[in-house]
$ cat coords28.cif   # mmCIF, C-alpha atoms
data_run
#
loop_
_atom_site.label_atom_id
_atom_site.label_comp_id
_atom_site.auth_asym_id
_atom_site.auth_seq_id
_atom_site.Cartn_x
_atom_site.Cartn_y
_atom_site.Cartn_z
CA MET A 1 223.64 -19.14 32.13
CA ASP A 2 225.59 -20.29 29.16
CA TYR A 3 228.83 -18.74 27.85
CA LYS A 4 227.16 -16.16 25.60
CA GLN A 5 224.65 -15.11 28.28
CA PHE A 6 227.48 -14.55 30.78
CA TRP A 7 229.35 -12.29 28.36
CA THR A 8 226.19 -10.42 27.42
CA SER A 9 225.50 -9.78 31.09
CA ILE A 10 229.12 -8.81 31.81
CA ASN A 11 229.15 -6.36 28.90
CA GLN A 12 225.83 -4.80 29.97
CA LYS A 13 227.04 -4.35 33.56
CA ASN A 14 230.33 -2.95 32.29
CA ASP A 15 228.48 -0.39 30.17
CA GLU A 16 226.45 0.61 33.24
CA ILE A 17 229.60 1.02 35.34
CA ILE A 18 231.29 3.10 32.63
CA THR A 19 228.25 5.37 32.54
CA LEU A 20 228.16 5.62 36.35
CA TYR A 21 231.86 6.58 36.47
CA ALA A 22 231.40 9.20 33.76
CA ASN A 23 228.34 10.67 35.51
CA TYR A 24 230.10 10.66 38.90
CA ARG A 25 233.18 12.34 37.42
CA ALA A 26 231.05 15.00 35.74
CA GLU A 27 229.24 15.69 39.01
CA TYR A 28 232.01 15.44 41.63
CA SER A 29 235.45 15.24 39.96
CA ASP A 30 235.39 17.75 37.13
CA ILE A 31 237.66 20.76 36.61
CA THR A 32 235.59 22.90 38.98
CA SER A 33 236.43 20.74 42.02
CA TRP A 34 239.50 21.32 44.15
CA GLN A 35 239.99 17.52 44.25
CA PHE A 36 240.51 17.45 40.48
CA TRP A 37 243.23 20.09 40.77
CA MET A 38 244.84 18.30 43.71
CA ILE A 39 245.10 15.18 41.55
CA ILE A 40 246.55 17.19 38.64
CA PHE A 41 249.06 18.77 41.04
CA THR A 42 250.14 15.39 42.46
CA LEU A 43 250.44 14.02 38.94
CA ILE A 44 252.59 16.85 37.54
CA LEU A 45 254.75 18.01 40.49
CA PRO A 46 256.67 14.73 41.00
CA LEU A 47 257.38 14.53 37.27
CA VAL A 48 258.72 18.10 37.24
CA ILE A 49 260.92 17.31 40.25
CA LEU A 50 262.14 14.20 38.45
CA ILE A 51 263.19 16.19 35.39
CA PHE A 52 265.56 18.26 37.52
CA THR A 53 266.88 15.54 39.83
CA VAL A 54 267.33 12.35 37.80
CA ASP A 55 270.89 11.17 37.19
CA ARG A 56 271.00 11.37 33.40
CA ARG A 57 274.02 9.06 33.22
CA ARG A 58 271.84 6.26 34.60
CA ILE A 59 268.53 7.32 33.11
CA PHE A 60 267.61 3.97 31.51
CA GLU A 61 268.34 1.99 34.68
CA LEU A 62 266.48 4.48 36.86
CA PHE A 63 263.52 4.74 34.53
CA PHE A 64 263.40 0.95 34.23
CA TYR A 65 263.14 0.75 38.02
CA GLY A 66 260.51 3.53 38.17
CA TYR A 67 258.51 2.01 35.33
CA THR A 68 258.52 -1.37 37.07
CA VAL A 69 257.23 0.25 40.27
CA HIS A 70 254.59 2.11 38.23
CA ILE A 71 253.30 -1.00 36.44
CA MET A 72 253.14 -3.16 39.56
CA SER A 73 251.53 -0.36 41.61
CA THR A 74 248.93 0.25 38.94
CA TYR A 75 247.98 -3.41 38.65
CA ILE A 76 247.77 -3.81 42.42
CA ASP A 77 245.67 -0.66 42.69
CA MET A 78 243.33 -1.93 39.96
CA VAL A 79 242.84 -5.23 41.83
CA LEU A 80 242.27 -3.43 45.14
CA GLY A 81 239.77 -1.12 43.45
CA ARG A 82 237.95 -3.95 41.74
CA LYS A 83 237.65 -5.72 45.11
CA ASN A 84 236.43 -2.47 46.77
CA LEU A 85 239.36 -2.48 49.18
CA LEU A 86 240.97 0.81 48.16
CA ILE A 87 238.62 3.32 46.58
CA HIS A 88 239.84 6.52 44.93
CA ASN A 89 236.92 8.91 45.24
CA TYR A 90 238.19 11.45 42.69
CA PHE A 91 240.01 11.03 39.40
CA ILE A 92 241.04 12.88 36.24
CA PHE A 93 239.40 10.70 33.59
CA SER A 94 236.97 7.88 34.17
CA ALA A 95 238.65 5.80 31.45
CA LEU A 96 242.08 5.85 33.16
CA PRO A 97 243.00 3.98 36.33
CA ASN A 98 241.59 6.05 39.17
CA ALA A 99 244.89 6.50 41.01
CA ILE A 100 247.02 7.46 38.02
CA ASN A 101 248.45 10.42 39.94
CA ILE A 102 249.69 8.09 42.67
CA THR A 103 250.66 4.97 40.70
CA ALA A 104 252.15 6.78 37.69
CA SER A 105 253.78 9.72 39.40
CA VAL A 106 254.07 9.99 43.19
CA ILE A 107 255.07 6.42 44.08
CA PRO A 108 257.35 5.69 41.10
CA VAL A 109 259.14 9.05 41.35
CA VAL A 110 259.65 8.81 45.12
CA TYR A 111 261.03 5.28 44.87
CA LEU A 112 263.05 6.02 41.72
CA LEU A 113 264.77 8.90 43.51
CA LEU A 114 265.25 6.71 46.57
CA TYR A 115 266.82 4.00 44.41
CA GLN A 116 269.06 6.60 42.79
CA TYR A 117 270.12 8.00 46.17
CA CYS A 118 270.80 4.63 47.77
CA THR A 119 272.75 3.24 44.83
CA ASN A 120 274.75 6.45 44.34
CA LYS A 121 275.60 6.84 48.03
CA GLY A 122 275.95 3.15 48.98
CA LYS A 123 273.01 3.30 51.40
CA ASN A 124 270.92 0.29 52.44
CA PHE A 125 268.04 0.32 49.95
CA TYR A 126 266.00 -2.17 51.98
CA LEU A 127 266.08 -0.06 55.14
CA TYR A 128 265.42 3.20 53.32
CA SER A 129 262.52 1.55 51.45
CA VAL A 130 260.89 0.53 54.71
CA ILE A 131 261.25 4.06 56.11
CA THR A 132 259.92 5.59 52.88
CA GLY A 133 257.08 3.07 52.78
CA LEU A 134 256.07 3.96 56.32
CA LEU A 135 256.13 7.68 55.49
CA LEU A 136 254.09 7.22 52.31
CA THR A 137 251.60 4.84 53.87
CA TYR A 138 251.04 6.53 57.19
CA GLY A 139 251.60 10.05 55.86
CA LEU A 140 250.21 10.24 52.33
CA THR A 141 247.45 7.66 52.75
CA THR A 142 246.35 9.18 56.04
CA PHE A 143 246.30 12.65 54.47
CA ASN A 144 244.37 11.39 51.43
CA GLN A 145 241.84 9.72 53.71
CA ALA A 146 241.46 12.86 55.82
CA ILE A 147 240.64 15.02 52.79
CA GLY A 148 238.38 12.36 51.26
CA LEU A 149 240.46 11.35 48.25
CA VAL A 150 240.62 7.68 49.24
CA THR A 151 238.58 5.23 51.26
CA LEU A 152 239.81 1.96 52.73
CA SER A 153 237.09 -0.65 53.09
CA ASN A 154 236.32 -4.34 53.46
CA GLY A 155 239.18 -4.95 55.86
CA MET A 156 241.90 -3.06 53.97
CA THR A 157 244.30 -1.36 56.36
CA LYS A 158 247.26 0.95 55.99
CA PHE A 159 249.49 -1.88 57.18
CA TYR A 160 248.42 -3.99 54.19
CA ILE A 161 249.13 -1.06 51.89
CA PHE A 162 252.56 -0.74 53.49
CA LEU A 163 253.28 -4.45 52.94
CA LEU A 164 252.16 -4.26 49.31
CA GLY A 165 254.38 -1.23 48.80
CA ILE A 166 257.39 -3.08 50.21
CA VAL A 167 256.71 -6.07 47.96
CA VAL A 168 256.52 -3.77 44.92
CA THR A 169 259.70 -1.86 45.73
CA TYR A 170 261.72 -4.97 46.56
CA LEU A 171 260.54 -6.86 43.45
CA ALA A 172 261.32 -3.85 41.28
CA TYR A 173 264.75 -3.59 42.93
CA TRP A 174 265.55 -7.26 42.39
CA PHE A 175 264.31 -7.17 38.82
CA THR A 176 266.37 -4.06 38.05
CA ARG A 177 269.48 -5.61 39.61
CA LEU A 178 268.90 -8.73 37.51
CA MET A 179 268.65 -6.63 34.35
CA LYS A 180 271.87 -4.84 35.33
CA LYS A 181 273.65 -8.21 35.69
CA ILE A 182 272.37 -9.34 32.31
CA GLU A 183 273.45 -6.03 30.77
CA ASN A 184 276.94 -6.37 32.26
CA ARG A 185 277.30 -9.86 30.76
CA LEU A 186 276.50 -8.66 27.25
#
$ encode --input "coords28.cif" --output "structure tokens"
Amino acid sequence: MDYKQFWTSINQKNDEIITLYANYRAEYSDITSWQFWMIIFTLILPLVILIFTVDRRRIFELFFYGYTVHIMSTYIDMVLGRKNLLIHNYFIFSALPNAINITASVIPVVYLLLYQYCTNKGKNFYLYSVITGLLLTYGLTTFNQAIGLVTLSNGMTKFYIFLLGIVVTYLAYWFTRLMKKIENRL
């Protein structure tokens, strides 16, 4: 195939996948399914909790950290989904990343509040991140598997998810600390 033929084929396959997602969502993940409402609940509840618990004096630092966790988690989830390693079986909109409730709400809010707690109380962020990562991975992922919201396949394990979560939280922590140092120098 030449360049144009490749892109024609890619675009045709992409259109087919978009249609499949839309049809699947209409059949299995619409507003009449309990899974849809579970995803809405896990999208909204952490954000409501955040509104009442965030330290408003440090809101930009905390939201920078949470946003960094969100972006990295979303990109990693998109790669894992594209490689059929971590499949989210239900979603709100077929055009959005499938795990938007997890990567834009649950994980960033949990780790943002953990970052806030550890930095306010002088606790060891690295240790608390490992404990939180274990709870999220072996608690939340296990629960989501049990109720059919996610499927791990092609060799993906919870341990790999745990390791990816630690990488994300540590990178976000280091990046936030770097931004704080730069801010303090200005």
$ resolve_selection --input "coords28.cif" --expression "the PyMOL selection byres ((chain A and resi 112) around 10)" --output "MDAnalysis selection string"
chainID A and resid 50 54 61:70 106:111 113:118 169 173
$ residues_around --input "coords28.cif" --residues "A:Leu152" --least-positions-apart "6" --cutoff "9 Å" --atoms "only C-alpha atoms" --output "list in words"
Asn84, Leu85, Leu86, Ile87, Gln145 and Lys158 of chain A
$ resolve_selection --input "coords28.cif" --expression "the PyMOL selection byres ((chain A and resi 135) around 12)" --output "count of residues only"
23
$ closest_residue --input "coords28.cif" --among "A:Leu127, A:Ile182, A:Ala99, A:Val150" --to "A:Met78" --atoms "only C-alpha atoms"
A:Ala99
$ residues_around --input "coords28.cif" --residues "stretch 18-26 of chain A" --least-positions-apart "6" --cutoff "9 Å" --atoms "all atoms listed in the file" --output "compact mmCIF listing (two decimals) with C-alpha atoms, in the frame of the given file"
# COMPACT_ATOMS: atom_id res chain seq x y z
CA TYR A 90 238.19 11.45 42.69
CA PHE A 91 240.01 11.03 39.40
CA ILE A 92 241.04 12.88 36.24
CA PHE A 93 239.40 10.70 33.59
CA SER A 94 236.97 7.88 34.17
CA ALA A 95 238.65 5.80 31.45
$ resolve_selection --input "coords28.cif" --expression "the PyMOL selection byres ((chain A and resi 75) around 12)" --output "PyMOL selection string"
chain A and resi 68-74+76-82+97-100+103-104+164+168
$ atom_distance --input "coords28.cif" --atom1 "atom CA of A:Asp30" --atom2 "atom CA of A:Asn89"
12.1 Å
$ atom_distance --input "coords28.cif" --atom1 "atom CA of A:Thr151" --atom2 "atom CA of A:His88"
6.6 Å
$ closest_residue --input "coords28.cif" --among "A:Tyr126, A:Leu45, A:Met1, A:Thr157" --to "A:Leu171" --atoms "all atoms listed in the file"
A:Tyr126
$ closest_residue --input "coords28.cif" --among "A:Val48, A:Leu186, A:Val167, A:Ile40" --to "A:Asn101" --atoms "all atoms listed in the file"
A:Ile40
$ atom_distance --input "coords28.cif" --atom1 "atom CA of A:Tyr170" --atom2 "atom CA of A:Arg185"
22.7 Å
$ closest_residue --input "coords28.cif" --among "A:Lys83, A:Pro46, A:Ile10, A:Gln5" --to "A:Met156" --atoms "all atoms listed in the file"
A:Lys83
$ build_atoms --input "coords28.cif" --residues "stretch 70-81 of chain A" --atoms "all heavy atoms" --output "compact mmCIF listing (two decimals), in the coordinates of the input"
# COMPACT_ATOMS: atom_id res chain seq x y z
N HIS A 70 255.85 1.57 38.76
CA HIS A 70 254.59 2.11 38.23
C HIS A 70 253.64 1.00 37.78
O HIS A 70 252.47 0.98 38.15
CB HIS A 70 254.89 3.06 37.08
CG HIS A 70 253.77 3.23 36.10
ND1 HIS A 70 252.55 3.75 36.43
CD2 HIS A 70 253.70 2.92 34.78
CE1 HIS A 70 251.77 3.76 35.36
NE2 HIS A 70 252.44 3.26 34.34
N ILE A 71 254.15 0.07 36.98
CA ILE A 71 253.30 -1.00 36.44
C ILE A 71 252.74 -1.87 37.56
O ILE A 71 251.53 -2.14 37.62
CB ILE A 71 254.08 -1.85 35.41
CG1 ILE A 71 254.37 -1.02 34.16
CG2 ILE A 71 253.33 -3.12 35.05
CD1 ILE A 71 253.14 -0.53 33.42
N MET A 72 253.61 -2.30 38.47
CA MET A 72 253.14 -3.16 39.56
C MET A 72 252.16 -2.42 40.46
O MET A 72 251.13 -2.97 40.87
CB MET A 72 254.31 -3.71 40.36
CG MET A 72 255.08 -4.78 39.62
SD MET A 72 256.25 -5.70 40.66
CE MET A 72 257.48 -4.47 40.99
N SER A 73 252.44 -1.15 40.77
CA SER A 73 251.53 -0.36 41.61
C SER A 73 250.17 -0.18 40.95
O SER A 73 249.14 -0.28 41.61
CB SER A 73 252.14 1.02 41.89
OG SER A 73 253.33 0.92 42.60
N THR A 74 250.19 0.06 39.66
CA THR A 74 248.93 0.25 38.94
C THR A 74 248.10 -1.02 38.94
O THR A 74 246.89 -0.98 39.20
CB THR A 74 249.21 0.72 37.50
OG1 THR A 74 249.91 1.97 37.55
CG2 THR A 74 247.91 0.91 36.72
N TYR A 75 248.73 -2.15 38.65
CA TYR A 75 247.98 -3.41 38.65
C TYR A 75 247.43 -3.74 40.04
O TYR A 75 246.28 -4.17 40.17
CB TYR A 75 248.83 -4.57 38.13
CG TYR A 75 249.03 -4.55 36.64
CD1 TYR A 75 250.22 -4.98 36.07
CD2 TYR A 75 248.04 -4.10 35.77
CE1 TYR A 75 250.41 -4.96 34.70
CE2 TYR A 75 248.23 -4.08 34.40
CZ TYR A 75 249.41 -4.52 33.87
OH TYR A 75 249.59 -4.51 32.52
N ILE A 76 248.24 -3.54 41.06
CA ILE A 76 247.77 -3.81 42.42
C ILE A 76 246.61 -2.89 42.76
O ILE A 76 245.60 -3.32 43.32
CB ILE A 76 248.92 -3.68 43.44
CG1 ILE A 76 249.86 -4.88 43.29
CG2 ILE A 76 248.39 -3.58 44.87
CD1 ILE A 76 251.15 -4.77 44.07
N ASP A 77 246.74 -1.61 42.42
CA ASP A 77 245.67 -0.66 42.69
C ASP A 77 244.38 -1.04 41.96
O ASP A 77 243.28 -0.91 42.51
CB ASP A 77 246.09 0.76 42.32
CG ASP A 77 245.03 1.76 42.70
OD1 ASP A 77 244.88 2.01 43.91
OD2 ASP A 77 244.34 2.27 41.79
N MET A 78 244.52 -1.52 40.72
CA MET A 78 243.33 -1.93 39.96
C MET A 78 242.64 -3.12 40.63
O MET A 78 241.41 -3.15 40.72
CB MET A 78 243.72 -2.26 38.52
CG MET A 78 244.07 -1.01 37.72
SD MET A 78 244.86 -1.34 36.13
CE MET A 78 243.53 -2.15 35.26
N VAL A 79 243.42 -4.07 41.13
CA VAL A 79 242.84 -5.23 41.83
C VAL A 79 242.17 -4.76 43.12
O VAL A 79 241.03 -5.17 43.41
CB VAL A 79 243.91 -6.30 42.11
CG1 VAL A 79 243.38 -7.38 43.05
CG2 VAL A 79 244.40 -6.92 40.81
N LEU A 80 242.85 -3.92 43.88
CA LEU A 80 242.27 -3.43 45.14
C LEU A 80 240.98 -2.64 44.88
O LEU A 80 240.02 -2.75 45.63
CB LEU A 80 243.28 -2.56 45.89
CG LEU A 80 244.53 -3.27 46.39
CD1 LEU A 80 245.48 -2.27 47.06
CD2 LEU A 80 244.20 -4.40 47.34
N GLY A 81 240.97 -1.87 43.80
CA GLY A 81 239.77 -1.12 43.45
C GLY A 81 238.64 -2.02 43.02
O GLY A 81 237.48 -1.83 43.40
